[in-house]
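**Q** Here it is: the structure, laid out below.
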Amino acid sequence: MAAEAVAAVEIRGALARLRRGTGLPVAFGGLVESGRPQIRISELSGTATAALSSLAVTSGNGLGGKAVALGRPCAVMDYPSSRHISHEYDVPVAAEGIRSVLAVPVVVRRRVRGVLYGALRSAQPLGDRTLDAAVAAARDVEQALVVRDEVRALLASAGPEPAVGPKREDAADGAGGWEQVREAHAALRALAPRIADPALRAELLAACGLLTTPCPPAGASLAPRELDVLSWVAAGATNAAVGERLGLRPETVKGYLRSAMRKLGAHTRGEAVTAARRAGLLP
């Protein structure tokens with residue numbers, strides 16, 4: 001599935017969550033078009049007309065354009081009469097019959113990738129709880145897009161997989177890009193437990209698995225947290241740094257590392273990393 005199509009799916013799901021979380025009857029949104037300073041409204045939820053469908057909103061114009069330009073949430077209590085926005089889109093807004101509107105940008109790595117809107121058909125304050133729920137929906141999209149971006153970058157940077165077995169480590173070490181792959185692999189594994197969507201979490205872990213041997217030898221398996229810790233150790237992190245990245249106490253990191261070493265028959269951190277790579281548990 002193309003990246004834009006994947007992002008559109010995430011927008012669609014976020015709009016459904018936005019409506020459930022806020023009780024707003026109308027939600028819509030879209031993505032920033034590649035190479036253009038505008039968003040294209042492509043996803044509608046609860047709308048009564050098609051007036052907003054495929055509407056191109058230029059950065060700086062209207063409520064959504066203002067959210068794009070500022071990179072922060074914006075809201076108006078009565079769209080048609082608001083003095084805080086420009087009014088290029090009054091006709092489609094009036095056709096849909098919405099009055100109170102909020103717009104929350106989806107920002108990934110300081111770049112606006114899309115906008116989520118929520119609206120009422122009456123002019124009344126939306127309230128902080130409503131805005132907070134809309135922001136939370138946008139953050140879900142941001143997290144999903146970050147994960148998908150990282151997975152694509154991880155797979156792209158890996159290139160041809162090195163030979164499996166004892167020679168595999170030498171091949172990987174001979175390619176400078178694999179050090180970045182290992183660090184990205186560790187970062188993605190650390191991110192996985194924070195993803196609420198089980199399907200997306202499974203997709204992320206499956207993508208990480210593509211960088212390791214499909215069938216590790218029997219008896220060489222590690223617990224998820226042991227593998228998380230060893231992934232960061234393989235990337236060169238100290239115990240303190242591993243703990244900071246995984247939200248664990250240094251003593252807990254040491255415990256997981258000792259357990260992994262015991263399972264792998266290793267006496268040092270380096271031996272554990274080597275054994276895990278040869279077992280197909282690490283890239």
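By convention here, the chains of the structure tokens are called A, B, ... in the order presented, each chain's residues are numbered starting at 1, and ligands are numbered starting at 1 in the order presented.
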Which residues come within 6 Å of Ala119 in chain A, counting only C-alpha atoms, excluding same-chain residues fewer than 5 positions away, as an mmCIF file with N, CA, C and O atoms, in the first residue's frame?
**A**
data_model
loop_
_atom_site.group_PDB
_atom_site.id
_atom_site.type_symbol
_atom_site.label_atom_id
_atom_site.label_comp_id
_atom_site.auth_asym_id
_atom_site.auth_seq_id
_atom_site.Cartn_x
_atom_site.Cartn_y
_atom_site.Cartn_z
ATOM 1 N N VAL A 26 -19.534 15.767 13.792
ATOM 2 C CA VAL A 26 -18.881 15.859 12.498
ATOM 3 C C VAL A 26 -17.366 15.863 12.673
ATOM 4 O O VAL A 26 -16.837 16.550 13.557
ATOM 5 N N SER A 100 -19.221 25.669 15.161
ATOM 6 C CA SER A 100 -18.033 25.567 16.021
ATOM 7 C C SER A 100 -17.100 24.508 15.436
ATOM 8 O O SER A 100 -17.512 23.369 15.206
ATOM 9 N N VAL A 101 -15.847 24.902 15.222
ATOM 10 C CA VAL A 101 -14.913 23.994 14.537
ATOM 11 C C VAL A 101 -13.548 24.054 15.215
ATOM 12 O O VAL A 101 -13.101 25.127 15.631
#
**Q** Go through range 47-121 of chain A and collect every residue that DSSP, computed from the backbone, puts in strand (DSSP E or B); the answer should be as a ChimeraX atom specification.
**A** /A:56-58,74-76,101-108,111-119
**Q** For the selection just defined, write its residues with N, CA and C atoms to a file, as an mmCIF file, in the first residue's frame.
**A**
data_model
loop_
_atom_site.group_PDB
_atom_site.id
_atom_site.type_symbol
_atom_site.label_atom_id
_atom_site.label_comp_id
_atom_site.auth_asym_id
_atom_site.auth_seq_id
_atom_site.Cartn_x
_atom_site.Cartn_y
_atom_site.Cartn_z
ATOM 1 N N ALA A 56 -9.400 21.655 -1.198
ATOM 2 C CA ALA A 56 -7.985 21.975 -1.003
ATOM 3 C C ALA A 56 -7.884 23.210 -0.126
ATOM 4 N N VAL A 57 -7.231 23.072 1.016
ATOM 5 C CA VAL A 57 -7.099 24.171 1.976
ATOM 6 C C VAL A 57 -5.645 24.631 1.985
ATOM 7 N N THR A 58 -5.428 25.855 1.569
ATOM 8 C CA THR A 58 -4.079 26.405 1.473
ATOM 9 C C THR A 58 -3.560 26.808 2.850
ATOM 10 N N CYS A 74 -6.109 24.899 16.516
ATOM 11 C CA CYS A 74 -6.862 26.156 16.448
ATOM 12 C C CYS A 74 -8.344 25.826 16.519
ATOM 13 N N ALA A 75 -9.132 26.766 17.050
ATOM 14 C CA ALA A 75 -10.573 26.549 17.155
ATOM 15 C C ALA A 75 -11.314 27.880 17.064
ATOM 16 N N VAL A 76 -12.534 27.835 16.563
ATOM 17 C CA VAL A 76 -13.407 29.009 16.531
ATOM 18 C C VAL A 76 -14.786 28.580 17.009
ATOM 19 N N VAL A 101 -15.847 24.902 15.222
ATOM 20 C CA VAL A 101 -14.913 23.994 14.537
ATOM 21 C C VAL A 101 -13.548 24.054 15.215
ATOM 22 N N LEU A 102 -12.906 22.904 15.326
ATOM 23 C CA LEU A 102 -11.508 22.851 15.765
ATOM 24 C C LEU A 102 -10.694 22.164 14.688
ATOM 25 N N ALA A 103 -9.421 22.496 14.623
ATOM 26 C CA ALA A 103 -8.499 21.883 13.664
ATOM 27 C C ALA A 103 -7.191 21.583 14.383
ATOM 28 N N VAL A 104 -6.752 20.335 14.285
ATOM 29 C CA VAL A 104 -5.524 19.909 14.961
ATOM 30 C C VAL A 104 -4.547 19.365 13.920
ATOM 31 N N PRO A 105 -3.356 19.938 13.827
ATOM 32 C CA PRO A 105 -2.390 19.437 12.845
ATOM 33 C C PRO A 105 -1.765 18.124 13.288
ATOM 34 N N VAL A 106 -1.439 17.300 12.330
ATOM 35 C CA VAL A 106 -0.677 16.072 12.556
ATOM 36 C C VAL A 106 0.766 16.397 12.192
ATOM 37 N N VAL A 107 1.642 16.433 13.200
ATOM 38 C CA VAL A 107 3.014 16.894 12.996
ATOM 39 C C VAL A 107 3.984 15.749 13.240
ATOM 40 N N VAL A 108 4.778 15.435 12.238
ATOM 41 C CA VAL A 108 5.792 14.372 12.333
ATOM 42 C C VAL A 108 7.141 14.974 11.998
ATOM 43 N N ARG A 111 7.198 18.519 10.824
ATOM 44 C CA ARG A 111 6.545 18.808 9.548
ATOM 45 C C ARG A 111 5.084 18.408 9.636
ATOM 46 N N VAL A 112 4.193 19.327 9.260
ATOM 47 C CA VAL A 112 2.765 19.026 9.286
ATOM 48 C C VAL A 112 2.453 18.057 8.155
ATOM 49 N N ARG A 113 1.851 16.919 8.518
ATOM 50 C CA ARG A 113 1.517 15.896 7.528
ATOM 51 C C ARG A 113 0.017 15.841 7.227
ATOM 52 N N GLY A 114 -0.782 16.438 8.090
ATOM 53 C CA GLY A 114 -2.221 16.396 7.882
ATOM 54 C C GLY A 114 -2.935 17.220 8.927
ATOM 55 N N VAL A 115 -4.257 17.262 8.835
ATOM 56 C CA VAL A 115 -5.078 18.010 9.786
ATOM 57 C C VAL A 115 -6.340 17.215 10.094
ATOM 58 N N LEU A 116 -6.723 17.171 11.361
ATOM 59 C CA LEU A 116 -7.990 16.602 11.797
ATOM 60 C C LEU A 116 -8.914 17.736 12.219
ATOM 61 N N TYR A 117 -10.154 17.696 11.768
ATOM 62 C CA TYR A 117 -11.163 18.683 12.152
ATOM 63 C C TYR A 117 -12.269 17.989 12.946
ATOM 64 N N GLY A 118 -12.848 18.730 13.883
ATOM 65 C CA GLY A 118 -14.065 18.298 14.555
ATOM 66 C C GLY A 118 -15.006 19.485 14.598
ATOM 67 N N ALA A 119 -16.322 19.225 14.538
ATOM 68 C CA ALA A 119 -17.239 20.360 14.436
ATOM 69 C C ALA A 119 -18.601 20.072 15.046
#
**Q** For Ile11 in chain A, list every protein, DNA or RNA residue within 10 Å, evaluated using only C-alpha atoms, and leave out those in the same chain fewer than 2 positions away; present the list as a short mmCIF file (atom, residue, chain, number, x, y, z; two decimals) with N, CA and C atoms, in the first residue's frame.
**A**
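Saved file around_35.cif follows:
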data_model
loop_
_atom_site.label_atom_id
_atom_site.label_comp_id
_atom_site.auth_asym_id
_atom_site.auth_seq_id
_atom_site.Cartn_x
_atom_site.Cartn_y
_atom_site.Cartn_z
N ALA A 5 -1.73 6.33 0.94
CA ALA A 5 -2.92 5.54 1.23
C ALA A 5 -2.91 5.05 2.66
N VAL A 6 -1.72 4.64 3.14
CA VAL A 6 -1.59 4.21 4.54
C VAL A 6 -1.92 5.36 5.48
N ALA A 7 -1.41 6.55 5.19
CA ALA A 7 -1.68 7.71 6.03
C ALA A 7 -3.17 8.04 6.03
N ALA A 8 -3.82 7.90 4.88
CA ALA A 8 -5.25 8.17 4.79
C ALA A 8 -6.04 7.22 5.68
N VAL A 9 -5.62 5.96 5.73
CA VAL A 9 -6.27 4.99 6.61
C VAL A 9 -6.14 5.42 8.07
N GLY A 13 -9.23 6.35 10.71
CA GLY A 13 -9.42 5.76 12.03
C GLY A 13 -9.41 6.81 13.14
N ALA A 14 -8.56 7.82 13.00
CA ALA A 14 -8.48 8.88 14.01
C ALA A 14 -9.77 9.68 14.06
N LEU A 15 -10.40 9.90 12.93
CA LEU A 15 -11.66 10.65 12.92
C LEU A 15 -12.75 9.90 13.68
N ALA A 16 -12.78 8.58 13.50
CA ALA A 16 -13.76 7.78 14.24
C ALA A 16 -13.50 7.87 15.75
N ARG A 17 -12.22 7.81 16.14
CA ARG A 17 -11.88 7.92 17.57
C ARG A 17 -12.18 9.31 18.09
N PHE A 28 -13.68 15.52 10.03
CA PHE A 28 -13.13 15.35 8.68
C PHE A 28 -11.65 15.68 8.73
N GLY A 29 -10.94 15.35 7.68
CA GLY A 29 -9.51 15.62 7.70
C GLY A 29 -8.85 15.20 6.41
N GLY A 30 -7.56 15.45 6.34
CA GLY A 30 -6.81 15.10 5.14
C GLY A 30 -5.34 15.32 5.33
N LEU A 31 -4.60 15.07 4.26
CA LEU A 31 -3.15 15.12 4.28
C LEU A 31 -2.62 16.33 3.53
N SER A 42 -9.89 14.57 2.50
CA SER A 42 -10.24 13.32 1.82
C SER A 42 -11.10 12.38 2.65
N GLU A 43 -11.12 12.59 3.96
CA GLU A 43 -11.83 11.68 4.85
C GLU A 43 -12.94 12.44 5.57
N LEU A 44 -14.16 11.93 5.51
CA LEU A 44 -15.32 12.56 6.13
C LEU A 44 -15.99 11.57 7.07
N VAL A 106 -1.44 17.30 12.33
CA VAL A 106 -0.68 16.07 12.56
C VAL A 106 0.77 16.40 12.19
N GLY A 114 -0.78 16.44 8.09
CA GLY A 114 -2.22 16.40 7.88
C GLY A 114 -2.94 17.22 8.93
N VAL A 115 -4.26 17.26 8.83
CA VAL A 115 -5.08 18.01 9.79
C VAL A 115 -6.34 17.21 10.09
N LEU A 116 -6.72 17.17 11.36
CA LEU A 116 -7.99 16.60 11.80
C LEU A 116 -8.91 17.74 12.22
N ALA A 137 -6.18 12.20 19.43
CA ALA A 137 -6.42 11.48 18.17
C ALA A 137 -5.34 11.81 17.15
N ALA A 138 -4.95 13.09 17.08
CA ALA A 138 -3.87 13.48 16.17
C ALA A 138 -2.56 12.84 16.56
N ASP A 140 -2.16 9.97 17.95
CA ASP A 140 -2.20 8.57 17.52
C ASP A 140 -1.75 8.45 16.07
N VAL A 141 -2.23 9.38 15.23
CA VAL A 141 -1.83 9.36 13.81
C VAL A 141 -0.34 9.62 13.69
N GLU A 142 0.15 10.60 14.45
CA GLU A 142 1.58 10.92 14.39
C GLU A 142 2.43 9.71 14.75
#
**Q** Given only C-alpha atoms as the basis, pick out the residue of A:Ser221, A:Asn239, A:Gln143, A:Ser59 nearest to Lys263 in chain A.
**A**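 Checking each candidate against Lys263 in chain A, we get A:Ser221 as the closest.
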**Q** Grab the CA of Ala260 in chain A to CA of Leu222 in chain A distance for me, in Å with one decimal place.
**A**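 The value is 6.5 Å.
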**Q** Which value, in Å to one decimal, gives the distance between CA of Gly236 in chain A and CA of Val273 in chain A?
**A**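 Value for the CA of Gly236 in chain A-CA of Val273 in chain A distance: 10.3 Å.
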**Q** Please list as JSON, numbers by chain every residue within 12 Å of range 250-257 of chain A, counting only C-alpha atoms and excluding residues in the same chain fewer than 4 positions away.
**A** {"A": [222, 223, 224, 225, 226, 227, 228, 229, 230, 231, 232, 233, 234, 237, 238, 239, 240, 241, 242, 243, 244, 245, 246, 261, 262, 263, 264, 266, 267, 268, 269, 270, 271, 272, 273, 276]}
**Q** Kindly give the distance, in Å, that separates CA of Ser45 in chain A and CA of Ala27 in chain A, rounded to a single decimal.
**A**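 CA of Ser45 in chain A sits 5.1 Å away from CA of Ala27 in chain A.
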**Q** Which residue, A:Leu188, A:Ala133, A:Ile98, A:Ile39, has the smallest gap to Ala51 in chain A when you use only C-alpha atoms?
**A**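 The answer is A:Ile98, which sits nearest to Ala51 in chain A.
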**Q** Pick from A:Asn61, A:Thr22, A:Ser54, A:Thr47: nearest to Tyr89 in chain A, with only C-alpha atoms counted?
**A**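 Closest to Tyr89 in chain A, using only C-alpha atoms: A:Asn61.
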**Q** So, with only C-alpha atoms as the atoms that count, which of A:Arg99, A:His84, A:Arg19, A:Lys66 lies closest to Ser122 in chain A?
**A**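 Among the listed residues, the smallest separation from Ser122 in chain A belongs to A:Arg99.
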**Q** When DSSP is applied to the backbone of this structure, which of range 17-144 of chain A are assigned alpha helix (DSSP H)? Write them out as a VMD selection string.
**A** chain A and resid 17 to 22 62 to 70 90 to 96 128 to 144
